[in-house]
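What's in run15.txt: compact mmCIF, C-alpha atoms
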# COMPACT_ATOMS: atom_id res chain seq x y z
CA MET A 110 49.82 121.91 114.30
CA THR A 111 46.12 121.58 113.52
CA LYS A 112 44.70 118.65 115.45
CA PRO A 113 42.89 115.99 113.41
CA ALA A 114 39.20 116.80 113.43
CA SER A 115 38.09 113.58 115.15
CA ASP A 116 35.95 112.72 118.14
CA PRO A 117 38.03 110.96 120.85
CA ALA A 118 34.94 110.17 122.91
CA ALA A 119 33.30 108.43 119.97
CA ALA A 120 36.53 106.58 119.27
CA ARG A 121 36.19 104.86 122.67
CA GLY A 122 32.67 103.65 121.92
CA PRO A 123 31.59 100.54 120.02
CA ARG A 124 32.37 100.61 116.32
CA ILE A 125 29.55 98.57 114.78
CA ARG A 126 26.19 98.83 116.58
CA THR A 127 23.89 97.07 114.09
CA GLU A 128 24.00 94.34 111.52
CA LEU A 129 25.30 95.84 108.27
CA PRO A 130 23.52 97.30 106.46
CA GLY A 131 21.27 98.55 109.25
CA PRO A 132 17.54 99.24 108.87
CA ARG A 133 17.90 102.90 107.95
CA ALA A 134 20.62 102.11 105.43
CA ARG A 135 18.49 99.38 103.86
CA ALA A 136 15.53 101.72 103.54
CA LEU A 137 17.60 104.44 101.87
CA ILE A 138 19.25 101.98 99.49
CA ALA A 139 15.80 100.76 98.45
CA ARG A 140 14.67 104.34 97.76
CA ASP A 141 17.86 104.96 95.77
CA ALA A 142 17.30 101.89 93.58
CA ALA A 143 14.07 103.35 92.26
CA VAL A 144 15.39 106.74 91.19
CA VAL A 145 19.22 106.74 90.82
CA SER A 146 21.22 105.37 87.89
CA PRO A 147 22.52 101.84 88.51
CA SER A 148 25.77 102.67 86.70
CA TYR A 149 27.65 103.78 89.80
CA PRO A 150 30.29 101.15 90.74
CA ARG A 151 29.27 100.67 94.37
CA ASP A 152 31.07 98.04 96.43
CA TYR A 153 29.23 97.68 99.75
CA PRO A 154 26.16 99.20 101.46
CA PHE A 155 27.59 102.19 103.31
CA VAL A 156 25.12 105.09 103.72
CA MET A 157 26.87 108.08 105.25
CA ALA A 158 25.36 110.36 107.87
CA HIS A 159 28.30 112.53 108.88
CA GLY A 160 32.06 112.56 109.24
CA ARG A 161 34.87 114.23 111.12
CA GLY A 162 38.53 113.86 110.28
CA VAL A 163 39.29 110.21 109.50
CA GLU A 164 36.05 108.91 111.02
CA VAL A 165 32.63 108.59 109.44
CA TRP A 166 29.26 107.41 110.73
CA ASP A 167 26.46 105.75 108.83
CA VAL A 168 22.74 106.46 109.22
CA ASP A 169 22.40 103.65 111.77
CA GLY A 170 25.08 105.06 114.07
CA ASN A 171 27.93 102.74 113.08
CA ARG A 172 31.40 104.28 113.17
CA PHE A 173 34.03 103.60 110.51
CA LEU A 174 37.59 104.54 109.77
CA ASP A 175 37.62 106.03 106.28
CA PHE A 176 40.70 104.92 104.37
CA ALA A 177 39.05 105.65 101.02
CA ALA A 178 38.46 109.38 101.63
CA GLY A 179 35.86 109.70 98.89
CA ILE A 180 38.36 108.21 96.39
CA ALA A 181 41.26 110.37 97.64
CA VAL A 182 39.09 113.50 97.66
CA CYS A 183 38.85 114.39 101.36
CA ALA A 184 42.50 115.43 101.65
CA THR A 185 42.01 117.42 104.84
CA GLY A 186 39.57 114.92 106.35
CA HIS A 187 35.83 115.20 106.62
CA SER A 188 34.53 118.69 107.38
CA HIS A 189 37.82 120.25 108.42
CA PRO A 190 36.85 123.38 110.37
CA GLU A 191 39.16 125.68 108.40
CA VAL A 192 37.79 124.46 105.09
CA VAL A 193 34.20 124.69 106.32
CA ALA A 194 34.82 128.26 107.56
CA ALA A 195 36.28 129.27 104.20
CA ILE A 196 33.28 127.83 102.35
CA ARG A 197 30.82 129.48 104.72
CA ASP A 198 32.52 132.87 104.33
CA ALA A 199 32.44 132.59 100.54
CA ALA A 200 28.79 131.46 100.53
CA GLU A 201 27.73 134.49 102.52
CA ARG A 202 29.12 136.77 99.80
CA PHE A 203 27.91 135.08 96.58
CA LEU A 204 27.39 131.55 95.31
CA HIS A 205 28.22 131.87 91.64
CA ILE A 206 29.58 134.12 88.95
CA SER A 207 30.25 132.60 85.55
CA SER A 208 33.66 132.55 83.92
CA ASP A 209 32.48 135.41 81.70
CA TYR A 210 33.50 137.63 84.61
CA TRP A 211 36.14 137.85 87.34
CA HIS A 212 36.32 137.36 91.09
CA GLU A 213 39.22 137.61 93.51
CA GLY A 214 38.99 134.05 94.84
CA GLN A 215 39.61 132.54 91.42
CA ILE A 216 42.48 134.90 90.75
CA ALA A 217 44.02 134.16 94.17
CA LEU A 218 43.78 130.41 93.57
CA ALA A 219 45.36 130.74 90.12
CA GLU A 220 48.18 132.79 91.65
CA LYS A 221 48.71 130.14 94.33
CA LEU A 222 48.77 127.31 91.82
CA ALA A 223 51.19 129.24 89.62
CA ALA A 224 53.51 129.64 92.61
CA LEU A 225 53.34 125.90 93.37
CA ALA A 226 53.40 124.55 89.80
CA PRO A 227 56.15 121.98 89.09
CA PHE A 228 57.24 123.64 85.85
CA GLY A 229 60.07 125.91 86.88
CA GLU A 230 58.46 128.68 84.81
CA PRO A 231 55.25 130.79 84.85
CA ALA A 232 51.96 128.90 84.82
CA MET A 233 48.28 129.51 84.08
CA SER A 234 45.12 127.68 85.19
CA PHE A 235 41.88 126.64 83.53
CA PHE A 236 39.15 125.87 86.08
CA CYS A 237 36.43 123.24 85.84
CA GLN A 238 34.59 120.81 88.15
CA SER A 239 36.29 117.43 87.90
CA GLY A 240 39.31 115.43 86.88
CA THR A 241 37.61 114.28 83.72
CA GLU A 242 36.98 117.86 82.66
CA ALA A 243 40.55 118.82 83.51
CA VAL A 244 41.80 116.02 81.26
CA GLU A 245 39.44 117.08 78.45
CA ALA A 246 40.79 120.63 78.66
CA ALA A 247 44.38 119.36 78.64
CA LEU A 248 43.72 117.29 75.50
CA LYS A 249 42.06 120.19 73.71
CA LEU A 250 44.88 122.53 74.70
CA ALA A 251 47.55 120.09 73.51
CA ARG A 252 45.83 119.51 70.19
CA TYR A 253 45.23 123.24 69.66
CA VAL A 254 48.74 124.49 70.39
CA SER A 255 50.59 121.62 68.70
CA GLY A 256 48.46 121.34 65.59
CA ARG A 257 48.89 117.56 65.91
CA PRO A 258 46.04 115.03 65.97
CA ARG A 259 47.34 112.01 67.89
CA PHE A 260 48.04 111.00 71.49
CA LEU A 261 49.79 108.30 73.48
CA GLY A 262 48.33 106.76 76.64
CA PHE A 263 49.03 103.78 78.90
CA LEU A 264 47.34 100.48 79.59
CA GLY A 265 46.01 100.50 83.13
CA GLY A 266 45.44 104.25 83.05
CA PHE A 267 42.28 105.95 84.27
CA HIS A 268 41.58 109.49 83.14
CA GLY A 269 37.80 109.82 83.27
CA ARG A 270 34.60 108.74 81.54
CA THR A 271 33.73 111.45 79.01
CA MET A 272 34.48 110.57 75.40
CA GLY A 273 37.90 112.22 75.18
CA ALA A 274 39.16 111.09 78.59
CA LEU A 275 37.52 107.69 78.08
CA ALA A 276 39.62 107.14 74.96
CA PHE A 277 42.66 107.01 77.30
CA THR A 278 41.03 105.08 80.15
CA ALA A 279 42.25 101.48 80.07
CA SER A 280 42.07 100.11 83.60
CA LYS A 281 38.92 97.99 83.11
CA TYR A 282 37.21 97.18 79.83
CA THR A 283 33.80 97.68 81.47
CA GLN A 284 34.53 101.41 81.43
CA GLN A 285 34.70 101.32 77.62
CA GLN A 286 32.29 98.49 76.85
CA GLY A 287 29.27 99.76 74.91
CA PHE A 288 30.69 103.23 74.24
CA PHE A 289 32.86 102.69 71.16
CA PRO A 290 33.91 104.70 69.23
CA THR A 291 35.47 107.17 71.62
CA MET A 292 37.81 109.97 70.53
CA PRO A 293 40.05 108.65 67.73
CA GLY A 294 43.82 108.93 67.58
CA VAL A 295 44.83 107.41 70.94
CA THR A 296 47.47 104.66 71.04
CA HIS A 297 48.12 102.70 74.26
CA VAL A 298 51.37 101.17 75.47
CA PRO A 299 52.08 99.16 78.64
CA TYR A 300 52.75 101.06 81.86
CA PRO A 301 55.98 99.77 83.44
CA ASN A 302 55.08 97.44 86.29
CA PRO A 303 58.14 95.88 87.96
CA TYR A 304 55.99 93.38 89.87
CA ARG A 305 54.19 92.11 86.77
CA PRO A 306 56.61 92.78 83.88
CA LEU A 307 55.44 92.52 80.28
CA PHE A 308 58.83 93.06 78.64
CA ALA A 309 62.11 91.20 78.94
CA GLY A 310 64.77 92.78 81.11
CA ALA A 311 65.07 94.04 84.65
CA ASP A 312 64.28 97.69 83.87
CA GLN A 313 60.66 97.80 82.74
CA GLY A 314 60.74 101.58 82.45
CA ARG A 315 63.62 101.44 79.97
CA ALA A 316 61.89 98.63 78.09
CA VAL A 317 58.68 100.63 77.66
CA LEU A 318 60.62 103.68 76.48
CA ASP A 319 62.55 101.56 73.98
CA TYR A 320 59.30 100.06 72.71
CA ILE A 321 57.81 103.53 72.12
CA GLU A 322 60.91 104.90 70.43
CA HIS A 323 62.17 101.96 68.42
CA THR A 324 59.03 99.95 67.67
CA LEU A 325 55.94 102.14 67.90
CA PHE A 326 57.46 105.31 66.45
CA ALA A 327 59.40 103.32 63.86
CA SER A 328 56.56 101.25 62.48
CA HIS A 329 53.12 102.51 63.47
CA LEU A 330 52.83 105.95 65.06
CA PRO A 331 54.54 108.94 63.38
CA PRO A 332 56.01 110.90 66.31
CA HIS A 333 55.59 114.21 64.47
CA GLU A 334 51.81 113.61 64.58
CA VAL A 335 51.69 113.09 68.37
CA ALA A 336 50.40 116.10 70.28
CA ALA A 337 50.96 114.76 73.80
CA ILE A 338 51.63 111.78 76.02
CA LEU A 339 49.20 111.49 78.92
CA VAL A 340 50.59 109.64 81.94
CA GLU A 341 49.86 109.14 85.62
CA PRO A 342 53.13 109.58 87.58
CA ILE A 343 51.78 106.81 89.80
CA GLN A 344 48.96 104.76 88.30
CA GLY A 345 45.78 104.97 90.35
CA GLU A 346 42.94 102.75 89.18
CA GLY A 347 45.48 100.57 87.38
CA GLY A 348 46.76 99.22 90.70
CA TYR A 349 48.70 101.99 92.52
CA VAL A 350 51.71 101.10 90.40
CA VAL A 351 54.89 103.08 91.03
CA PRO A 352 57.06 103.27 87.89
CA PRO A 353 60.77 102.46 88.03
CA ASP A 354 63.16 105.32 88.67
CA GLY A 355 64.18 106.84 85.37
CA PHE A 356 60.91 106.16 83.55
CA LEU A 357 59.32 109.58 83.88
CA SER A 358 62.57 111.40 83.17
CA GLY A 359 63.05 109.16 80.13
CA LEU A 360 59.53 109.98 78.99
CA ARG A 361 60.31 113.67 79.41
CA ALA A 362 63.43 113.29 77.25
CA LEU A 363 61.50 111.35 74.60
CA CYS A 364 58.88 114.11 74.44
CA ASP A 365 61.58 116.75 74.10
CA ARG A 366 63.24 114.89 71.22
CA HIS A 367 60.03 114.79 69.23
CA GLY A 368 58.35 118.06 70.21
CA ILE A 369 55.62 116.22 72.13
CA LEU A 370 53.85 117.72 75.15
CA LEU A 371 53.95 115.77 78.42
CA ILE A 372 50.68 115.79 80.38
CA ALA A 373 50.85 114.51 83.97
CA ASP A 374 47.50 113.35 85.31
CA GLU A 375 47.83 114.18 89.01
CA VAL A 376 44.10 114.01 89.72
CA GLN A 377 44.62 111.23 92.28
CA SER A 378 48.32 111.56 93.08
CA GLY A 379 48.51 115.34 93.48
CA ILE A 380 47.91 117.83 96.32
CA GLY A 381 50.23 116.15 98.83
CA ARG A 382 48.85 112.63 98.48
CA THR A 383 52.30 111.05 97.92
CA GLY A 384 54.19 113.22 100.41
CA ARG A 385 55.06 115.76 97.71
CA LEU A 386 52.67 118.36 96.38
CA PHE A 387 52.89 116.68 92.96
CA ALA A 388 53.94 113.06 92.49
CA CYS A 389 56.13 113.97 89.51
CA GLU A 390 58.37 115.87 91.94
CA HIS A 391 59.63 112.56 93.36
CA TRP A 392 61.58 112.16 90.12
CA GLY A 393 62.32 115.83 89.41
CA VAL A 394 60.27 115.79 86.21
CA ALA A 395 58.59 118.94 84.92
CA PRO A 396 55.56 118.20 82.71
CA ASP A 397 54.07 120.74 80.31
CA ILE A 398 50.52 120.34 81.60
CA VAL A 399 49.16 118.94 84.89
CA THR A 400 45.58 117.92 85.61
CA LEU A 401 44.27 118.31 89.17
CA ALA A 402 41.00 117.61 90.99
CA LYS A 403 40.01 115.20 93.82
CA GLY A 404 41.94 116.38 96.90
CA LEU A 405 42.19 119.99 95.74
CA GLY A 406 38.79 121.00 97.12
CA SER A 407 38.58 118.71 100.19
CA GLY A 408 35.23 117.46 98.88
CA LEU A 409 33.95 120.35 96.79
CA PRO A 410 33.92 119.73 93.02
CA ILE A 411 36.86 121.48 91.43
CA GLY A 412 39.24 120.55 88.64
CA VAL A 413 42.17 122.46 87.20
CA THR A 414 44.21 122.18 84.06
CA LEU A 415 47.52 123.75 85.05
CA ALA A 416 49.90 124.50 82.19
CA LYS A 417 53.03 126.41 81.38
CA ARG A 418 51.94 129.94 80.58
CA ARG A 419 53.70 129.98 77.23
CA ILE A 420 51.47 127.05 76.24
CA MET A 421 48.12 128.09 77.68
CA GLU A 422 48.31 131.70 76.53
CA ARG A 423 48.28 130.47 72.94
CA TRP A 424 44.59 129.55 72.77
CA PRO A 425 42.30 132.55 72.31
CA ARG A 426 39.10 133.87 73.83
CA GLY A 427 36.27 131.38 73.35
CA ALA A 428 38.50 128.41 72.49
CA HIS A 429 37.39 126.67 75.70
CA GLY A 430 35.10 127.60 78.58
CA ASN A 431 33.17 126.34 81.57
CA THR A 432 30.05 127.74 83.25
CA TYR A 433 30.89 126.69 86.80
CA GLY A 434 34.69 126.78 86.55
CA GLY A 435 36.22 128.84 89.32
CA ASN A 436 33.09 128.69 91.48
CA PRO A 437 33.69 130.94 94.52
CA LEU A 438 32.90 128.24 97.11
CA CYS A 439 35.18 125.72 95.38
CA CYS A 440 38.00 128.25 95.09
CA ALA A 441 37.69 129.11 98.78
CA ALA A 442 37.81 125.42 99.70
CA ALA A 443 40.85 124.89 97.48
CA LEU A 444 42.74 127.83 98.95
CA ALA A 445 42.07 126.57 102.48
CA THR A 446 43.07 123.04 101.45
CA LEU A 447 46.34 124.17 99.89
CA ALA A 448 47.18 126.20 103.00
CA LEU A 449 46.68 123.14 105.22
CA VAL A 450 48.54 120.81 102.89
CA GLU A 451 51.48 123.18 102.57
CA ARG A 452 51.58 123.91 106.29
CA GLU A 453 51.52 120.36 107.62
CA TYR A 454 49.55 117.67 105.79
CA CYS A 455 51.99 117.08 102.95
CA ALA A 456 54.74 116.43 105.49
CA ASN A 457 52.34 114.30 107.52
CA ALA A 458 51.54 112.23 104.43
CA ALA A 459 55.25 111.57 103.93
CA ALA A 460 55.93 110.66 107.57
CA VAL A 461 52.80 108.65 108.37
CA GLY A 462 52.89 107.12 104.90
CA ALA A 463 56.39 105.75 105.52
CA TYR A 464 55.21 104.28 108.83
CA PHE A 465 52.13 102.81 107.16
CA LEU A 466 54.22 101.28 104.37
CA GLU A 467 56.53 99.53 106.82
CA ARG A 468 53.58 98.20 108.81
CA LEU A 469 52.01 96.86 105.61
CA ARG A 470 55.28 95.18 104.68
CA ALA A 471 55.36 93.55 108.10
CA LEU A 472 51.82 92.35 107.48
CA ALA A 473 52.95 90.90 104.14
CA ARG A 474 55.62 88.85 105.89
CA ARG A 475 52.86 87.18 107.93
CA HIS A 476 50.42 86.55 105.06
CA ALA A 477 51.42 84.70 101.89
CA ALA A 478 48.37 86.12 100.08
CA ILE A 479 50.00 89.56 99.99
CA GLY A 480 52.11 89.61 96.84
CA GLU A 481 53.44 93.16 96.94
CA VAL A 482 53.06 96.34 98.94
CA ARG A 483 53.88 99.56 97.07
CA GLY A 484 53.28 103.28 96.91
CA LYS A 485 54.45 106.63 98.18
CA GLY A 486 53.12 108.76 100.99
CA LEU A 487 49.47 107.99 101.62
CA MET A 488 48.91 106.46 98.18
CA LEU A 489 49.58 102.82 99.07
CA GLY A 490 48.52 99.54 97.49
CA MET A 491 48.54 95.93 98.68
CA GLU A 492 48.28 93.42 95.83
CA LEU A 493 46.64 90.15 96.81
CA VAL A 494 47.61 86.91 95.11
CA ASP A 495 47.03 83.18 95.11
CA PRO A 496 49.74 81.99 97.52
CA ALA A 497 50.51 78.96 95.36
CA THR A 498 50.67 80.52 91.90
CA ARG A 499 51.23 84.23 92.72
CA ALA A 500 48.46 85.00 90.20
CA PRO A 501 46.17 87.94 90.99
CA ALA A 502 43.34 87.09 93.40
CA PRO A 503 40.42 89.41 92.59
CA ALA A 504 37.85 87.40 94.57
CA LEU A 505 40.04 87.50 97.67
CA CYS A 506 40.57 91.23 97.20
CA GLN A 507 36.84 91.90 97.09
CA ALA A 508 36.25 89.62 100.07
CA VAL A 509 38.85 91.51 102.13
CA ILE A 510 37.25 94.85 101.30
CA THR A 511 33.78 93.54 102.17
CA ARG A 512 34.94 91.99 105.44
CA ALA A 513 36.79 95.20 106.35
CA PHE A 514 33.55 97.13 105.90
CA HIS A 515 31.76 94.79 108.31
CA HIS A 516 34.49 95.47 110.88
CA GLY A 517 34.31 99.24 110.45
CA LEU A 518 37.00 100.06 107.88
CA LEU A 519 36.22 101.65 104.51
CA LEU A 520 38.52 100.58 101.67
CA LEU A 521 38.46 100.40 97.88
CA ALA A 522 40.18 98.20 95.31
CA CYS A 523 42.15 99.07 92.19
CA GLY A 524 43.89 97.14 89.46
CA THR A 525 43.07 93.45 89.24
CA SER A 526 43.45 92.55 92.92
CA THR A 527 44.95 95.47 94.84
CA VAL A 528 43.56 96.95 98.04
CA ARG A 529 44.36 100.65 98.07
CA PHE A 530 44.85 102.90 101.07
CA MET A 531 44.20 106.62 100.64
CA PRO A 532 43.14 108.03 104.01
CA PRO A 533 42.87 111.77 104.63
CA LEU A 534 46.28 113.40 104.76
CA LEU A 535 45.84 114.29 108.44
CA VAL A 536 45.69 110.63 109.50
CA GLY A 537 47.84 109.76 112.49
CA ARG A 538 49.74 106.62 113.48
CA ASP A 539 47.05 105.59 115.98
CA ALA A 540 44.43 105.48 113.21
CA VAL A 541 46.83 103.56 110.98
CA ASP A 542 47.42 101.01 113.74
CA GLU A 543 43.68 100.65 114.31
CA ALA A 544 43.04 100.25 110.58
CA LEU A 545 45.77 97.63 110.25
CA ALA A 546 44.27 95.56 113.07
CA LEU A 547 40.89 95.63 111.32
CA LEU A 548 42.55 94.84 107.99
CA GLU A 549 44.38 91.81 109.38
CA THR A 550 41.18 90.47 110.84
CA ALA A 551 39.42 90.92 107.50
CA LEU A 552 42.30 89.32 105.61
CA GLY A 553 42.32 86.31 107.92
CA GLU A 554 38.57 85.80 107.56
CA ALA A 555 38.60 86.21 103.79
CA SER A 556 41.57 83.85 103.38
CA ALA A 557 39.94 81.22 105.57
CA SER A 558 36.75 81.24 103.49
CA ALA A 559 38.48 81.37 100.09

Please, can you express the file's structure as structure tokens?
Amino acid sequence: MTKPASDPAAARGPRIRTELPGPRARALIARDAAVVSPSYPRDYPFVMAHGRGVEVWDVDGNRFLDFAAGIAVCATGHSHPEVVAAIRDAAERFLHISSDYWHEGQIALAEKLAALAPFGEPAMSFFCQSGTEAVEAALKLARYVSGRPRFLGFLGGFHGRTMGALAFTASKYTQQQGFFPTMPGVTHVPYPNPYRPLFAGADQGRAVLDYIEHTLFASHLPPHEVAAILVEPIQGEGGYVVPPDGFLSGLRALCDRHGILLIADEVQSGIGRTGRLFACEHWGVAPDIVTLAKGLGSGLPIGVTLAKRRIMERWPRGAHGNTYGGNPLCCAAALATLALVEREYCANAAAVGAYFLERLRALARRHAAIGEVRGKGLMLGMELVDPATRAPAPALCQAVITRAFHHGLLLLACGTSTVRFMPPLLVGRDAVDEALALLETALGEASASA
């Protein structure tokens, strides 16, 4: 087994050496403010210097456990030696060749993805640089091959920030505010959330499916005009919400009844993050199109629209393209990442994720402010609530994340008041235990000052 690329000697040293942010961090943040767009949704003043495995260091020498992993991007940890070697080898040969031509690395990656695709039939890939671009390509492909103009998305979903993907994004209104109109033809329905149900009945998945079939399709949205339904098998930015068993398979059956394509956005949940290569495999559901990015390149910018070959082969030369798609360095990083994930890190995500989940549930039994712990593999969420009313507690959530940073733990939020945990897939139990100790300290401090 490949050992986690961490520094045991550093792990024995002090975690936080300076007041946060330190002097070098403050100076760099001031320089940034003068020249970089203020639109980035930054949470706390972390200025990275270097990283190894699950650990990162800031420019003032402070050491942190990274349980955000670049928003679930650094699947194999920071600067995994096998990924770095693959990138270096590719860089020594050539840095770029446009998609007007061919190179073996892109072909090899497409072959690998076709072998791994969750379709049960031949697959083809379209390469780009990000999850947003992968979603845009999926939407264009679905509209082109179906000849239909409309789409169905879900409240709470996040699919990107370009005008097509943004039309589906519904996790925070600030992402849409000021940009209307986006792409027309998108209808949203609730995503089934068993912890915060919107429909009557115990089975929220069944209730959402019934609403689509018997209300929406009956009175508002002609199903024969719907090209595709775009869904996250596990919602990411919406709160790390795991749908009820039966929902995705029911959605698949609904699509089949009406000739609608099913697009699974696996940008955050894919590439071993949930303990399966694709999250949809937990429910045995085969989509028609899958979007991938984030963890696929271990930090290098790569996105893929992976589709059944009988679908993708239907759009012709020039129908869609991408200058940097299939970049040789990104393909090399992705091939090395997939090899590591297949060999050990997917299984590690399942095993360590189960341990992590149980430890979080034990933490919840000690703290009334934890309303629910949920997730699969190393895609875990902890929803914080007002202990008296059980209402979401966004201020407490932000306070916990900020306090965790000051203790040396990097976290991010999602949904209204959920702390999410998405460490590199190589994380071990010792790092989980260390992170949980820091988290409990932060939670206690934030609760006391609330």

Can you report as AutoDock Vina command-line options the centre and edge lengths in Å, to one decimal, of an axis-aligned box around the listed atoms of region 300-311 of chain A padded with 4 Å on each side?
--center_x 58.9 --center_y 96.1 --center_z 84.3 --size_x 20.3 --size_y 17.9 --size_z 19.2

Expected answer as a PDB file with C-alpha atoms, in the coordinates of the input: all residues with atoms within 9 Å of (39.1, 122.9, 107.0), all atoms listed in the file:
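Done, and the output landed in out.pdb:
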ATOM      1  CA  ALA A 114      39.200 116.800 113.430  1.00  0.00           C
ATOM      2  CA  THR A 185      42.010 117.420 104.840  1.00  0.00           C
ATOM      3  CA  GLY A 186      39.570 114.920 106.350  1.00  0.00           C
ATOM      4  CA  HIS A 187      35.830 115.200 106.620  1.00  0.00           C
ATOM      5  CA  SER A 188      34.530 118.690 107.380  1.00  0.00           C
ATOM      6  CA  HIS A 189      37.820 120.250 108.420  1.00  0.00           C
ATOM      7  CA  PRO A 190      36.850 123.380 110.370  1.00  0.00           C
ATOM      8  CA  GLU A 191      39.160 125.680 108.400  1.00  0.00           C
ATOM      9  CA  VAL A 192      37.790 124.460 105.090  1.00  0.00           C
ATOM     10  CA  VAL A 193      34.200 124.690 106.320  1.00  0.00           C
ATOM     11  CA  ALA A 194      34.820 128.260 107.560  1.00  0.00           C
ATOM     12  CA  ALA A 195      36.280 129.270 104.200  1.00  0.00           C
ATOM     13  CA  ILE A 196      33.280 127.830 102.350  1.00  0.00           C
ATOM     14  CA  SER A 407      38.580 118.710 100.190  1.00  0.00           C
ATOM     15  CA  ALA A 442      37.810 125.420  99.700  1.00  0.00           C
ATOM     16  CA  ALA A 445      42.070 126.570 102.480  1.00  0.00           C
ATOM     17  CA  THR A 446      43.070 123.040 101.450  1.00  0.00           C
ATOM     18  CA  LEU A 449      46.680 123.140 105.220  1.00  0.00           C
TER      19      LEU A 449
END

Exercise for review: May I have the residues within 9 Å of region 545-548 of chain A as an MDAnalysis selection string, using only C-alpha atoms and disregarding those fewer than 2 positions away in the same chain?
Suggested key: chainID A and resid 465 468:469 472 509:510 512:513 516:518 540:543 550:553

Take the point (38.9, 121.7, 91.6) as written in the file and pick out every residue within 7 Å of it, counting only C-alpha atoms; give the list as a list of chain:residue names. A:Phe236, A:Cys237, A:Gln238, A:Ser239, A:Leu401, A:Ala402, A:Lys403, A:Leu405, A:Gly406, A:Pro410, A:Ile411, A:Gly412, A:Val413, A:Cys439, A:Ala443

Using all atoms listed in the file, the shortest atom-to-atom distance to Pro332 (chain A) among A:Ala274, A:Leu521, A:Val144, A:Leu370 belongs to A:Leu370

Inset, instruction - Within 6 Å of region 280-290 of chain A, counting all atoms listed in the file, which residues show up once you throw out same-chain ones fewer than 5 positions away? Write them as JSON, numbers by chain, please. - result: {"A": [265, 266, 267, 347]}

With only C-alpha atoms as the counted atoms, please give the residues lying no more than 9 Å from Val168 (chain A), apart from itself and same-chain residues fewer than 3 positions off, as a PDB file with C-alpha atoms, keeping the file's coordinate frame.
ATOM      1  CA  GLY A 131      21.270  98.550 109.250  1.00  0.00           C
ATOM      2  CA  PRO A 132      17.540  99.240 108.870  1.00  0.00           C
ATOM      3  CA  ARG A 133      17.900 102.900 107.950  1.00  0.00           C
ATOM      4  CA  ALA A 134      20.620 102.110 105.430  1.00  0.00           C
ATOM      5  CA  PHE A 155      27.590 102.190 103.310  1.00  0.00           C
ATOM      6  CA  VAL A 156      25.120 105.090 103.720  1.00  0.00           C
ATOM      7  CA  MET A 157      26.870 108.080 105.250  1.00  0.00           C
ATOM      8  CA  ALA A 158      25.360 110.360 107.870  1.00  0.00           C
ATOM      9  CA  HIS A 159      28.300 112.530 108.880  1.00  0.00           C
ATOM     10  CA  ASN A 171      27.930 102.740 113.080  1.00  0.00           C
TER      11      ASN A 171
END

So that I can see what lies close to region 268-270 of chain A, please list as a list in words the residues with an atom at most 7 Å from it, counting all atoms listed in the file and leaving out residues fewer than 5 positions away in the same chain. Gly240, Thr241, Val244, Leu275, Phe277 and Thr278 of chain A

Counting all atoms listed in the file, closest pick from A:Leu438, A:Ala219, A:Glu492, A:Gly381 relative to Asp198 (chain A) is A:Leu438

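Counting from CA of Ala143 (chain A), the distance to CA of Asp167 (chain A) is 20.8 Å.
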
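Near Leu360 (chain A), within 7 Å and counting only C-alpha atoms, sit Leu318, Phe356 and Cys364 of chain A; same-chain residues fewer than 4 positions away were not included.
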
Taken to one decimal, the CA of Lys221 (chain A)-CA of Cys183 (chain A) distance is 19.9 Å

Restricting to only C-alpha atoms, whichever of A:Ile206, A:Leu218, A:Leu129, A:Ala373 is closest to Cys440 (chain A) is A:Leu218

For His212 (chain A), the closest of A:Gly435, A:Arg257, A:Ala311, A:Val295 counting all atoms listed in the file is A:Gly435

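CA of Glu242 (chain A) is positioned 9.1 Å from CA of Thr400 (chain A).
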
Across A:Arg470, A:Arg382, A:His515, A:Arg172, the smallest distance to Glu451 (chain A), with only C-alpha atoms counted, is shown by A:Arg382

One residue among A:Ser556, A:Ala544, A:Ser207, A:Pro437 is nearest to Ala478 (chain A) when using only C-alpha atoms, and that residue is A:Ser556
